[in-house]
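Structure file coords35.cif (mmCIF, C-alpha atoms) is printed below.
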```
data_target
#
loop_
_atom_site.group_PDB
_atom_site.id
_atom_site.type_symbol
_atom_site.label_atom_id
_atom_site.label_comp_id
_atom_site.auth_asym_id
_atom_site.auth_seq_id
_atom_site.Cartn_x
_atom_site.Cartn_y
_atom_site.Cartn_z
ATOM 1 C CA MET A 1354 104.194 68.318 90.242
ATOM 2 C CA ASN A 1355 101.469 70.667 91.461
ATOM 3 C CA SER A 1356 98.798 69.023 89.286
ATOM 4 C CA SER A 1357 99.731 65.398 90.035
ATOM 5 C CA GLY A 1358 96.983 65.094 92.665
ATOM 6 C CA ARG A 1359 94.395 66.329 90.208
ATOM 7 C CA THR A 1360 95.718 63.998 87.505
ATOM 8 C CA ILE A 1361 95.551 60.979 89.812
ATOM 9 C CA GLY A 1362 92.049 62.042 90.855
ATOM 10 C CA ILE A 1363 90.863 62.281 87.268
ATOM 11 C CA VAL A 1364 92.366 58.879 86.411
ATOM 12 C CA LEU A 1365 90.686 57.241 89.425
ATOM 13 C CA LEU A 1366 87.362 58.919 88.693
ATOM 14 C CA VAL A 1367 87.409 57.880 85.029
ATOM 15 C CA ALA A 1368 88.447 54.322 85.978
ATOM 16 C CA GLY A 1369 85.582 54.113 88.484
ATOM 17 C CA VAL A 1370 83.033 55.343 85.960
ATOM 18 C CA ILE A 1371 84.283 52.982 83.225
ATOM 19 C CA ILE A 1372 84.323 49.960 85.551
ATOM 20 C CA GLY A 1373 80.877 50.913 86.859
ATOM 21 C CA ALA A 1374 79.454 51.205 83.357
ATOM 22 C CA ALA A 1375 81.038 47.885 82.326
ATOM 23 C CA LEU A 1376 79.632 46.117 85.401
ATOM 24 C CA ALA A 1377 76.174 47.624 84.872
ATOM 25 C CA ALA A 1378 76.169 46.469 81.233
ATOM 26 C CA TRP A 1379 77.403 43.005 82.216
ATOM 27 C CA PHE A 1380 74.676 42.564 84.842
ATOM 28 C CA PHE A 1381 71.992 43.988 82.533
ATOM 29 C CA PHE A 1382 72.840 41.722 79.598
ATOM 30 C CA GLY A 1383 73.303 38.735 81.922
ATOM 31 C CA VAL A 1384 69.715 39.154 83.122
ATOM 32 C CA GLN A 1385 68.412 39.794 79.568
ATOM 33 C CA GLU A 1386 70.030 36.609 78.222
ATOM 34 C CA GLY A 1387 68.769 34.548 81.122
ATOM 35 C CA ASN A 1388 72.264 33.646 82.333
ATOM 36 C CA LEU A 1389 71.767 35.601 85.538
ATOM 37 C CA ARG A 1390 68.813 36.077 87.839
ATOM 38 C CA ALA A 1391 67.718 39.548 88.847
ATOM 39 C CA SER A 1392 68.486 38.862 92.520
ATOM 40 C CA GLY A 1393 72.013 37.694 91.681
ATOM 41 C CA ALA A 1394 72.539 40.734 89.462
ATOM 42 C CA ALA A 1395 71.349 43.065 92.233
ATOM 43 C CA PHE A 1396 73.620 41.381 94.795
ATOM 44 C CA GLY A 1397 76.585 41.482 92.405
ATOM 45 C CA ALA A 1398 75.906 45.122 91.560
ATOM 46 C CA VAL A 1399 75.764 46.141 95.235
ATOM 47 C CA LEU A 1400 78.883 44.141 96.032
ATOM 48 C CA PHE A 1401 81.001 45.347 93.094
ATOM 49 C CA PHE A 1402 79.819 48.931 93.286
ATOM 50 C CA SER A 1403 80.413 49.214 97.039
ATOM 51 C CA VAL A 1404 83.777 47.420 96.965
ATOM 52 C CA LEU A 1405 85.237 48.624 93.669
ATOM 53 C CA VAL A 1406 83.429 51.510 91.980
ATOM 54 C CA LEU A 1407 82.514 53.779 94.904
ATOM 55 C CA PRO A 1408 86.008 53.715 96.458
ATOM 56 C CA LEU A 1409 87.556 54.581 93.086
ATOM 57 C CA VAL A 1410 85.130 57.436 92.470
ATOM 58 C CA GLY A 1411 85.448 58.682 96.070
ATOM 59 C CA ALA A 1412 89.238 58.596 95.963
ATOM 60 C CA GLY A 1413 89.175 60.356 92.600
ATOM 61 C CA ILE A 1414 87.022 63.178 93.958
ATOM 62 C CA PHE A 1415 89.243 63.443 97.053
ATOM 63 C CA PHE A 1416 92.418 63.735 94.971
ATOM 64 C CA ILE A 1417 90.850 66.310 92.642
ATOM 65 C CA VAL A 1418 89.760 68.504 95.568
ATOM 66 C CA LYS A 1419 93.075 68.065 97.415
ATOM 67 C CA GLY A 1420 95.087 68.746 94.259
ATOM 68 C CA SER A 1421 93.115 71.929 93.583
ATOM 69 C CA ALA A 1422 93.724 73.163 97.141
ATOM 70 C CA GLU A 1423 97.437 72.409 96.850
ATOM 71 C CA ALA A 1424 97.603 74.272 93.533
ATOM 72 C CA ARG A 1425 95.996 77.347 95.154
ATOM 73 C CA ASN A 1426 98.448 77.197 98.073
ATOM 74 C CA LEU A 1427 101.398 76.824 95.718
ATOM 75 C CA ALA A 1428 100.231 79.839 93.707
ATOM 76 C CA ARG A 1429 100.047 81.906 96.915
ATOM 77 C CA VAL A 1430 103.554 80.818 97.965
ATOM 78 C CA GLN A 1431 104.925 81.680 94.517
ATOM 79 C CA GLU A 1432 103.285 85.119 94.706
ATOM 80 C CA GLN A 1433 104.818 85.731 98.142
ATOM 81 C CA ARG A 1434 108.197 84.562 96.842
ATOM 82 C CA ARG A 1435 107.926 87.043 93.971
ATOM 83 C CA LEU A 1436 107.062 89.832 96.407
ATOM 84 C CA LEU A 1437 109.995 88.943 98.664
ATOM 85 C CA ASP A 1438 112.418 88.724 95.731
ATOM 86 C CA MET A 1439 111.276 92.091 94.395
ATOM 87 C CA VAL A 1440 111.755 93.832 97.749
ATOM 88 C CA LYS A 1441 115.098 92.196 98.490
ATOM 89 C CA THR A 1442 116.576 92.952 95.077
ATOM 90 C CA ARG A 1443 115.370 96.539 94.870
ATOM 91 C CA GLY A 1444 115.627 97.429 98.564
ATOM 92 C CA GLN A 1445 112.839 99.998 98.321
ATOM 93 C CA LEU A 1446 109.532 99.685 96.502
ATOM 94 C CA GLN A 1447 106.336 101.607 96.116
ATOM 95 C CA ILE A 1448 103.375 99.546 97.370
ATOM 96 C CA SER A 1449 101.469 100.629 94.245
ATOM 97 C CA ASP A 1450 104.230 99.138 92.059
ATOM 98 C CA LEU A 1451 103.980 95.863 93.965
ATOM 99 C CA VAL A 1452 100.205 95.815 93.494
ATOM 100 C CA LEU A 1453 100.553 96.383 89.757
ATOM 101 C CA GLU A 1454 103.409 93.932 89.184
ATOM 102 C CA LEU A 1455 101.762 91.196 91.236
ATOM 103 C CA LYS A 1456 98.320 91.938 89.732
ATOM 104 C CA SER A 1457 96.956 92.044 93.258
ATOM 105 C CA SER A 1458 95.281 94.442 95.682
ATOM 106 C CA THR A 1459 96.798 96.663 98.354
ATOM 107 C CA ASP A 1460 95.135 94.630 101.114
ATOM 108 C CA LYS A 1461 96.464 91.356 99.709
ATOM 109 C CA VAL A 1462 100.003 92.769 99.428
ATOM 110 C CA LYS A 1463 99.716 94.068 102.995
ATOM 111 C CA ASN A 1464 98.563 90.648 104.232
ATOM 112 C CA ASP A 1465 101.391 88.955 102.329
ATOM 113 C CA ILE A 1466 103.932 91.305 103.926
ATOM 114 C CA TYR A 1467 102.592 90.551 107.408
ATOM 115 C CA ASP A 1468 102.623 86.825 106.603
ATOM 116 C CA LEU A 1469 106.257 86.983 105.452
ATOM 117 C CA VAL A 1470 107.194 88.921 108.594
ATOM 118 C CA GLY A 1471 105.384 86.365 110.753
ATOM 119 C CA ARG A 1472 107.376 83.587 109.135
ATOM 120 C CA GLY A 1473 110.622 85.463 109.713
ATOM 121 C CA LEU A 1474 111.308 85.812 105.991
ATOM 122 C CA PHE A 1475 111.216 89.595 105.746
ATOM 123 C CA SER A 1476 112.682 92.391 107.807
ATOM 124 C CA GLY A 1477 112.428 96.037 106.982
ATOM 125 C CA TYR A 1478 109.925 98.792 107.401
ATOM 126 C CA VAL A 1479 106.865 100.195 105.703
ATOM 127 C CA ASP A 1480 105.669 103.760 105.474
ATOM 128 C CA TRP A 1481 101.986 103.152 104.781
ATOM 129 C CA ASP A 1482 101.274 106.879 104.378
ATOM 130 C CA LYS A 1483 103.836 107.274 101.571
ATOM 131 C CA GLY A 1484 103.208 103.734 100.338
ATOM 132 C CA ILE A 1485 106.855 102.656 100.395
ATOM 133 C CA LEU A 1486 108.268 99.308 101.488
ATOM 134 C CA TYR A 1487 111.910 99.162 102.583
ATOM 135 C CA SER A 1488 114.006 96.034 102.947
ATOM 136 C CA VAL A 1489 116.552 96.320 105.740
ATOM 137 C CA GLU A 1490 118.651 93.638 107.365
ATOM 138 C CA ALA A 1491 117.342 92.685 110.794
ATOM 139 C CA SER A 1492 120.776 93.258 112.353
ATOM 140 C CA LYS A 1493 120.517 96.948 111.427
ATOM 141 C CA LEU A 1494 117.107 97.225 113.081
ATOM 142 C CA GLN A 1495 117.753 95.302 116.321
ATOM 143 C CA GLY A 1496 117.807 97.612 119.341
ATOM 144 C CA ARG A 1497 116.806 100.579 117.230
ATOM 145 C CA GLU A 1498 115.201 103.443 119.136
ATOM 146 C CA THR A 1499 114.665 105.870 116.282
ATOM 147 C CA CYS A 1500 112.672 105.580 113.098
ATOM 148 C CA PRO A 1501 114.794 104.998 109.981
ATOM 149 C CA ASN A 1502 112.232 107.011 108.028
ATOM 150 C CA CYS A 1503 111.775 110.220 110.057
ATOM 151 C CA GLY A 1504 114.147 109.871 113.032
ATOM 152 C CA GLY A 1505 111.331 109.975 115.597
ATOM 153 C CA GLN A 1506 111.210 107.888 118.756
ATOM 154 C CA VAL A 1507 109.750 104.430 118.000
ATOM 155 C CA GLU A 1508 107.682 102.182 120.245
ATOM 156 C CA LEU A 1509 107.078 98.445 120.417
ATOM 157 C CA ALA A 1510 103.819 97.581 118.650
ATOM 158 C CA GLY A 1511 103.881 93.776 118.816
ATOM 159 C CA LYS A 1512 106.099 90.743 118.444
ATOM 160 C CA GLY A 1513 108.657 91.613 115.803
ATOM 161 C CA LEU A 1514 107.070 94.997 115.097
ATOM 162 C CA ILE A 1515 108.094 98.503 116.080
ATOM 163 C CA LYS A 1516 105.895 101.419 115.050
ATOM 164 C CA CYS A 1517 106.747 105.087 114.669
ATOM 165 C CA PRO A 1518 103.956 107.216 116.179
ATOM 166 C CA TYR A 1519 105.075 110.245 114.127
ATOM 167 C CA CYS A 1520 105.199 109.039 110.531
ATOM 168 C CA GLY A 1521 103.372 105.693 110.910
ATOM 169 C CA ALA A 1522 106.263 103.594 109.590
ATOM 170 C CA GLU A 1523 106.193 99.991 110.770
ATOM 171 C CA ILE A 1524 109.581 98.365 111.340
ATOM 172 C CA PHE A 1525 109.596 94.599 111.077
ATOM 173 C CA LEU A 1526 112.241 92.719 113.037
#
```
Please re-express this file's structure in structure tokens.
Amino acid sequence: MNSSGRTIGIVLLVAGVIIGAALAAWFFFGVQEGNLRASGAAFGAVLFFSVLVLPLVGAGIFFIVKGSAEARNLARVQEQRRLLDMVKTRGQLQISDLVLELKSSTDKVKNDIYDLVGRGLFSGYVDWDKGILYSVEASKLQGRETCPNCGGQVELAGKGLIKCPYCGAEIFL
């Protein structure tokens, strides 16, 4: 399903090129045989190419580009789903293990975590210093005043985020 846009684009592009080549040959041989005047061939070429060939080629290029963008987005969503599944099933993960298993970088994993938190799909906390990601149910974290990592007093750091000033753990609500 993710490559259907690209497939449609390729089919339209190939159809446009084949029809364009067939029309060009038809007009060329019509002029060569004397069945068609050069002015009529030029008018027919402009008309058929602008009405039939160019829209097919343009739509083909559009679908190829759009299909490629959708494939990239789908790959990113699947990677985030893998990350979320790994954290939820294991409960606690080393960030370095996530980076290795996802074949990614620490910054990309960090951005994916923030994206999942922003979408309300992940709740838990991260100790960036130790490099550990914890999955905790949001109900356990609501109204929390102490850090689940070190027990220190936590402070609000942003919407859906509490940060421990002592150990640096970030608690996502």
By how many Å are atom CA of A:Gly1444 and atom CA of A:Leu1427 apart? 25.2 Å
How many Å lie between atom CA of A:Asp1438 and atom CA of A:Ser1458, rounded to one decimal? 18.1 Å
Atom CA of A:Lys1441 and atom CA of A:Ile1524 are how many Å apart? 15.3 Å
Once the PyMOL selection byres ((chain A and resi 1365-1382) around 10) has been evaluated on this model, what residues remain selected, and can you format them as an MDAnalysis selection string? chainID A and resid 1359:1364 1383:1391 1393:1395 1397:1398 1401:1402 1405:1417
Kindly provide, as JSON, the centre and edge lengths (Å, one decimal) of an axis-aligned box around all atoms of stretch 1445-1459 of chain A given in the file, with 8 Å on each side.
```
{"center_x": 104.1, "center_y": 96.4, "center_z": 93.8, "size_x": 33.6, "size_y": 26.4, "size_z": 25.2}
```
If the PyMOL selection byres ((chain A and resi 1488) around 10) is run on the structure shown, which residues does it catch, given as a list of chain:residue names?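 Taken over the shown coordinates, the PyMOL selection byres ((chain A and resi 1488) around 10) returns A:Leu1437, A:Met1439, A:Val1440, A:Lys1441, A:Thr1442, A:Arg1443, A:Gly1444, A:Gln1445, A:Leu1446, A:Phe1475, A:Ser1476, A:Gly1477, A:Tyr1478, A:Val1479, A:Leu1486, A:Tyr1487, A:Val1489, A:Glu1490, A:Ala1491, A:Ile1524, A:Phe1525.
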Selected by the PyMOL selection byres ((chain A and resi 1429) around 12) in the shown coordinates: which residues, as a PyMOL selection string? chain A and resi 1422-1428+1430-1436+1455+1457+1461-1462+1464-1465+1468-1469
Nearest to A:Ile1485 by atom-to-atom distance, counting only C-alpha atoms, from A:Asn1502, A:Glu1454, A:Pro1518, A:Val1418: A:Asn1502
Selected residue, from A:Val1399, A:Cys1520, A:Leu1514, A:Val1404, that lies nearest to A:Gly1473 when counting all atoms listed in the file: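 Closest residue, counting all atoms listed in the file: A:Leu1514.
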Ref. answer, residues at most 8 Å from (108.7, 108.8, 115.8) with all atoms listed in the file, as a PyMOL selection string: chain A and resi 1499-1500+1503-1507+1516-1521
Given all atoms listed in the file as the basis, pick out the residue of A:Ile1466, A:Leu1451, A:Ile1515, A:Ala1522 nearest to A:Asp1482.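 Distance minimum relative to A:Asp1482 lands on A:Ala1522.
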A:Ser1357, A:Ser1449, A:Glu1523, A:Leu1400 ranked by distance to A:Val1470, top pick (using all atoms listed in the file): A:Glu1523
